[in-house]
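Pasted below: run34.txt, compact mmCIF, N, CA, C and O atoms.
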# COMPACT_ATOMS: atom_id res chain seq x y z
N MET A 1 30.06 30.03 -80.57
CA MET A 1 29.58 30.43 -79.26
C MET A 1 28.76 31.71 -79.35
O MET A 1 27.75 31.84 -78.69
N LEU A 2 29.21 32.64 -80.19
CA LEU A 2 28.52 33.92 -80.31
C LEU A 2 27.09 33.74 -80.83
O LEU A 2 26.16 34.36 -80.33
N VAL A 3 26.92 32.83 -81.79
CA VAL A 3 25.59 32.59 -82.35
C VAL A 3 24.69 31.94 -81.31
O VAL A 3 23.52 32.28 -81.18
N THR A 4 25.23 31.02 -80.52
CA THR A 4 24.40 30.33 -79.52
C THR A 4 23.96 31.28 -78.42
O THR A 4 22.83 31.21 -77.96
N VAL A 5 24.83 32.18 -78.01
CA VAL A 5 24.46 33.13 -76.97
C VAL A 5 23.39 34.07 -77.48
O VAL A 5 22.42 34.36 -76.79
N SER A 6 23.52 34.53 -78.71
CA SER A 6 22.53 35.46 -79.24
C SER A 6 21.18 34.78 -79.42
O SER A 6 20.14 35.41 -79.23
N THR A 7 21.17 33.49 -79.75
CA THR A 7 19.90 32.76 -79.88
C THR A 7 19.23 32.64 -78.52
O THR A 7 18.02 32.84 -78.40
N ALA A 8 20.00 32.31 -77.49
CA ALA A 8 19.44 32.22 -76.15
C ALA A 8 18.90 33.58 -75.69
O ALA A 8 17.83 33.66 -75.08
N LEU A 9 19.63 34.65 -75.99
CA LEU A 9 19.16 35.99 -75.62
C LEU A 9 17.92 36.39 -76.41
O LEU A 9 17.03 37.06 -75.88
N LEU A 10 17.83 35.97 -77.66
CA LEU A 10 16.64 36.24 -78.47
C LEU A 10 15.41 35.57 -77.87
O LEU A 10 14.36 36.20 -77.74
N PHE A 11 15.55 34.31 -77.46
CA PHE A 11 14.43 33.62 -76.83
C PHE A 11 14.06 34.29 -75.51
O PHE A 11 12.88 34.37 -75.17
N ALA A 12 15.04 34.76 -74.76
CA ALA A 12 14.75 35.46 -73.51
C ALA A 12 13.98 36.75 -73.78
O ALA A 12 13.03 37.08 -73.07
N ALA A 13 14.37 37.48 -74.82
CA ALA A 13 13.68 38.73 -75.16
C ALA A 13 12.25 38.46 -75.61
O ALA A 13 11.31 39.17 -75.21
N VAL A 14 12.06 37.44 -76.44
CA VAL A 14 10.71 37.09 -76.90
C VAL A 14 9.84 36.67 -75.71
O VAL A 14 8.68 37.09 -75.59
N THR A 15 10.40 35.87 -74.83
CA THR A 15 9.65 35.43 -73.65
C THR A 15 9.27 36.61 -72.77
O THR A 15 8.14 36.71 -72.30
N GLY A 16 10.22 37.51 -72.56
CA GLY A 16 9.93 38.71 -71.75
C GLY A 16 8.83 39.55 -72.37
O GLY A 16 7.95 40.06 -71.66
N THR A 17 8.85 39.69 -73.68
CA THR A 17 7.81 40.46 -74.37
C THR A 17 6.45 39.79 -74.23
O THR A 17 5.43 40.46 -73.98
N LEU A 18 6.40 38.46 -74.39
CA LEU A 18 5.13 37.75 -74.26
C LEU A 18 4.55 37.87 -72.86
O LEU A 18 3.33 38.02 -72.70
N VAL A 19 5.40 37.83 -71.86
CA VAL A 19 4.91 37.98 -70.48
C VAL A 19 4.47 39.42 -70.25
O VAL A 19 3.43 39.66 -69.61
N TRP A 20 5.22 40.39 -70.76
CA TRP A 20 4.90 41.81 -70.55
C TRP A 20 3.50 42.14 -71.11
O TRP A 20 2.73 42.84 -70.48
N PHE A 21 3.19 41.59 -72.27
CA PHE A 21 1.88 41.84 -72.88
C PHE A 21 0.83 40.82 -72.46
O PHE A 21 -0.26 40.80 -73.02
N LYS A 22 1.16 40.00 -71.47
CA LYS A 22 0.24 39.03 -70.88
C LYS A 22 -0.36 38.08 -71.93
O LYS A 22 -1.54 37.77 -71.91
N ARG A 23 0.49 37.61 -72.86
CA ARG A 23 0.05 36.66 -73.88
C ARG A 23 0.25 35.22 -73.43
O ARG A 23 -0.37 34.32 -73.98
N VAL A 24 1.14 35.01 -72.48
CA VAL A 24 1.41 33.66 -71.96
C VAL A 24 1.50 33.71 -70.44
O VAL A 24 1.76 34.76 -69.85
N SER A 25 1.26 32.56 -69.83
CA SER A 25 1.40 32.47 -68.37
C SER A 25 2.87 32.30 -68.02
O SER A 25 3.72 32.07 -68.87
N ALA A 26 3.16 32.34 -66.74
CA ALA A 26 4.54 32.20 -66.29
C ALA A 26 5.08 30.81 -66.61
O ALA A 26 6.24 30.67 -67.00
N GLY A 27 4.26 29.79 -66.47
CA GLY A 27 4.72 28.43 -66.77
C GLY A 27 5.05 28.24 -68.23
O GLY A 27 6.07 27.65 -68.59
N ALA A 28 4.20 28.76 -69.10
CA ALA A 28 4.45 28.67 -70.54
C ALA A 28 5.68 29.49 -70.92
O ALA A 28 6.48 29.07 -71.76
N ALA A 29 5.83 30.64 -70.29
CA ALA A 29 6.99 31.48 -70.57
C ALA A 29 8.27 30.77 -70.16
O ALA A 29 9.28 30.86 -70.86
N LEU A 30 8.24 30.07 -69.06
CA LEU A 30 9.41 29.32 -68.62
C LEU A 30 9.78 28.25 -69.64
O LEU A 30 10.95 28.07 -69.97
N MET A 31 8.79 27.56 -70.18
CA MET A 31 9.06 26.52 -71.18
C MET A 31 9.61 27.14 -72.47
O MET A 31 10.52 26.59 -73.08
N VAL A 32 9.10 28.30 -72.88
CA VAL A 32 9.62 28.97 -74.07
C VAL A 32 11.06 29.41 -73.84
O VAL A 32 11.94 29.21 -74.68
N TRP A 33 11.33 29.97 -72.67
CA TRP A 33 12.67 30.43 -72.34
C TRP A 33 13.66 29.27 -72.29
O TRP A 33 14.75 29.35 -72.84
N LEU A 34 13.25 28.16 -71.69
CA LEU A 34 14.12 27.00 -71.61
C LEU A 34 14.38 26.39 -72.98
O LEU A 34 15.47 25.88 -73.24
N SER A 35 13.40 26.44 -73.86
CA SER A 35 13.61 25.88 -75.19
C SER A 35 14.63 26.70 -75.98
O SER A 35 15.23 26.20 -76.93
N GLY A 36 14.88 27.93 -75.57
CA GLY A 36 15.93 28.74 -76.18
C GLY A 36 17.30 28.11 -75.98
O GLY A 36 18.16 28.18 -76.85
N PHE A 37 17.52 27.51 -74.81
CA PHE A 37 18.80 26.84 -74.58
C PHE A 37 18.95 25.63 -75.49
O PHE A 37 20.04 25.31 -75.94
N THR A 38 17.84 24.95 -75.77
CA THR A 38 17.89 23.82 -76.68
C THR A 38 18.16 24.29 -78.10
O THR A 38 18.99 23.72 -78.81
N ALA A 39 17.48 25.32 -78.53
CA ALA A 39 17.67 25.84 -79.88
C ALA A 39 19.08 26.39 -80.08
O ALA A 39 19.66 26.28 -81.15
N ALA A 40 19.63 26.97 -79.03
CA ALA A 40 20.97 27.53 -79.12
C ALA A 40 22.05 26.47 -78.97
O ALA A 40 23.22 26.76 -79.21
N ALA A 41 21.69 25.27 -78.56
CA ALA A 41 22.64 24.17 -78.37
C ALA A 41 23.74 24.55 -77.38
O ALA A 41 24.91 24.29 -77.60
N THR A 42 23.36 25.19 -76.30
CA THR A 42 24.32 25.55 -75.27
C THR A 42 24.65 24.32 -74.44
O THR A 42 24.11 23.24 -74.64
N GLY A 43 25.50 24.49 -73.45
CA GLY A 43 25.86 23.40 -72.57
C GLY A 43 24.69 22.91 -71.74
O GLY A 43 24.69 21.78 -71.25
N LEU A 44 23.69 23.75 -71.57
CA LEU A 44 22.50 23.37 -70.80
C LEU A 44 21.46 22.62 -71.64
O LEU A 44 20.42 22.24 -71.12
N ALA A 45 21.73 22.41 -72.91
CA ALA A 45 20.74 21.81 -73.80
C ALA A 45 20.31 20.42 -73.34
O ALA A 45 19.12 20.09 -73.38
N GLY A 46 21.24 19.59 -72.91
CA GLY A 46 20.91 18.22 -72.48
C GLY A 46 19.96 18.19 -71.30
O GLY A 46 18.87 17.61 -71.37
N PRO A 47 20.33 18.83 -70.18
CA PRO A 47 19.43 18.86 -69.03
C PRO A 47 18.09 19.55 -69.32
O PRO A 47 17.05 19.14 -68.81
N VAL A 48 18.12 20.60 -70.11
CA VAL A 48 16.89 21.31 -70.45
C VAL A 48 15.98 20.41 -71.29
O VAL A 48 14.76 20.38 -71.09
N ASN A 49 16.55 19.67 -72.23
CA ASN A 49 15.75 18.72 -73.01
C ASN A 49 15.07 17.71 -72.11
O ASN A 49 13.90 17.39 -72.30
N ASP A 50 15.81 17.20 -71.13
CA ASP A 50 15.23 16.23 -70.19
C ASP A 50 14.10 16.85 -69.38
O ASP A 50 13.05 16.25 -69.18
N LEU A 51 14.30 18.10 -68.93
CA LEU A 51 13.28 18.79 -68.15
C LEU A 51 12.03 19.06 -68.99
O LEU A 51 10.91 18.82 -68.53
N LEU A 52 12.22 19.50 -70.23
CA LEU A 52 11.07 19.76 -71.09
C LEU A 52 10.31 18.49 -71.43
O LEU A 52 9.08 18.47 -71.46
N ALA A 53 11.05 17.40 -71.65
CA ALA A 53 10.40 16.12 -71.94
C ALA A 53 9.59 15.65 -70.74
O ALA A 53 8.47 15.14 -70.89
N ALA A 54 10.13 15.82 -69.54
CA ALA A 54 9.39 15.42 -68.33
C ALA A 54 8.15 16.28 -68.14
O ALA A 54 7.09 15.79 -67.75
N ALA A 55 8.26 17.59 -68.44
CA ALA A 55 7.10 18.48 -68.30
C ALA A 55 6.01 18.11 -69.30
O ALA A 55 4.82 18.07 -68.94
N VAL A 56 6.39 17.82 -70.52
CA VAL A 56 5.41 17.44 -71.54
C VAL A 56 4.75 16.12 -71.16
O VAL A 56 3.53 15.96 -71.30
N GLN A 57 5.53 15.19 -70.66
CA GLN A 57 4.97 13.89 -70.25
C GLN A 57 4.03 14.06 -69.06
O GLN A 57 2.97 13.44 -69.01
N ALA A 58 4.38 14.94 -68.12
CA ALA A 58 3.52 15.16 -66.96
C ALA A 58 2.21 15.83 -67.36
O ALA A 58 1.15 15.51 -66.82
N ILE A 59 2.28 16.75 -68.31
CA ILE A 59 1.07 17.43 -68.77
C ILE A 59 0.17 16.48 -69.54
O ILE A 59 -1.05 16.54 -69.45
N GLY A 60 0.78 15.54 -70.29
CA GLY A 60 0.01 14.62 -71.10
C GLY A 60 -0.73 13.56 -70.32
O GLY A 60 -1.64 12.92 -70.82
N GLN A 61 -0.38 13.38 -69.07
CA GLN A 61 -1.03 12.32 -68.29
C GLN A 61 -2.28 12.79 -67.61
O GLN A 61 -2.60 13.77 -67.23

Spit out the file's structure as structure tokens when you get a sec.
Amino acid sequence: MLVTVSTALLFAAVTGTLVWFKRVSAGAALMVWLSGFTAAATGLAGPVNDLLAAAVQAIGQ
């Protein structure tokens, strides 16, 4: 659990830094932040995977 929480927090910190320096838009930052839950394999990983897959499919059309 400790490793998964720190991974999610790491992705949150990276996302915050990218937004602060205006390297990514808010939508892209949201996708990066959400992918942290997937990488950390938290309890939210399943729903987040579904949301990211739907976003990618919507963008691809």

Shell around Phe11 of chain A at 7 Å using all atoms listed in the file, local window under 2 positions removed, as a PyMOL selection string: chain A and resi 5-9+13-17+29+32-33+35-36

Rounded to one decimal, what separation in Å do you get between atom CA of Ala54 of chain A and atom CA of Arg23 of chain A?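 These two atoms are separated by 23.9 Å.
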
So that I can check the secondary structure, give me every residue of segment 4-59 of chain A assigned alpha helix (DSSP H) by backbone DSSP, as JSON, numbers by chain. {"A": [4, 5, 6, 7, 8, 9, 10, 11, 12, 13, 14, 15, 16, 17, 18, 19, 20, 26, 27, 28, 29, 30, 31, 32, 33, 34, 35, 36, 37, 38, 39, 40, 45, 46, 47, 48, 49, 50, 51, 52, 53, 54, 55, 56, 57, 58, 59]}

Atom CA of Val19 of chain A to atom CA of Gln61 of chain A: how many Å, to one decimal?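 Pair atom CA of Val19 of chain A / atom CA of Gln61 of chain A returns 26.4 Å.
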
In Å, how far is it from atom O of Ala12 of chain A to atom C of Gly43 of chain A?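 Between these atoms lies a distance of 18.4 Å.
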
Hey, can I get the axis-aligned box for segment 15-21 of chain A? All listed atoms, 8 Å padding on each side, centre and edge lengths in Å to one decimal, as AutoDock Vina command-line options.
--center_x 5.1 --center_y 39.1 --center_z -72.2 --size_x 26.7 --size_y 23.4 --size_z 21.2
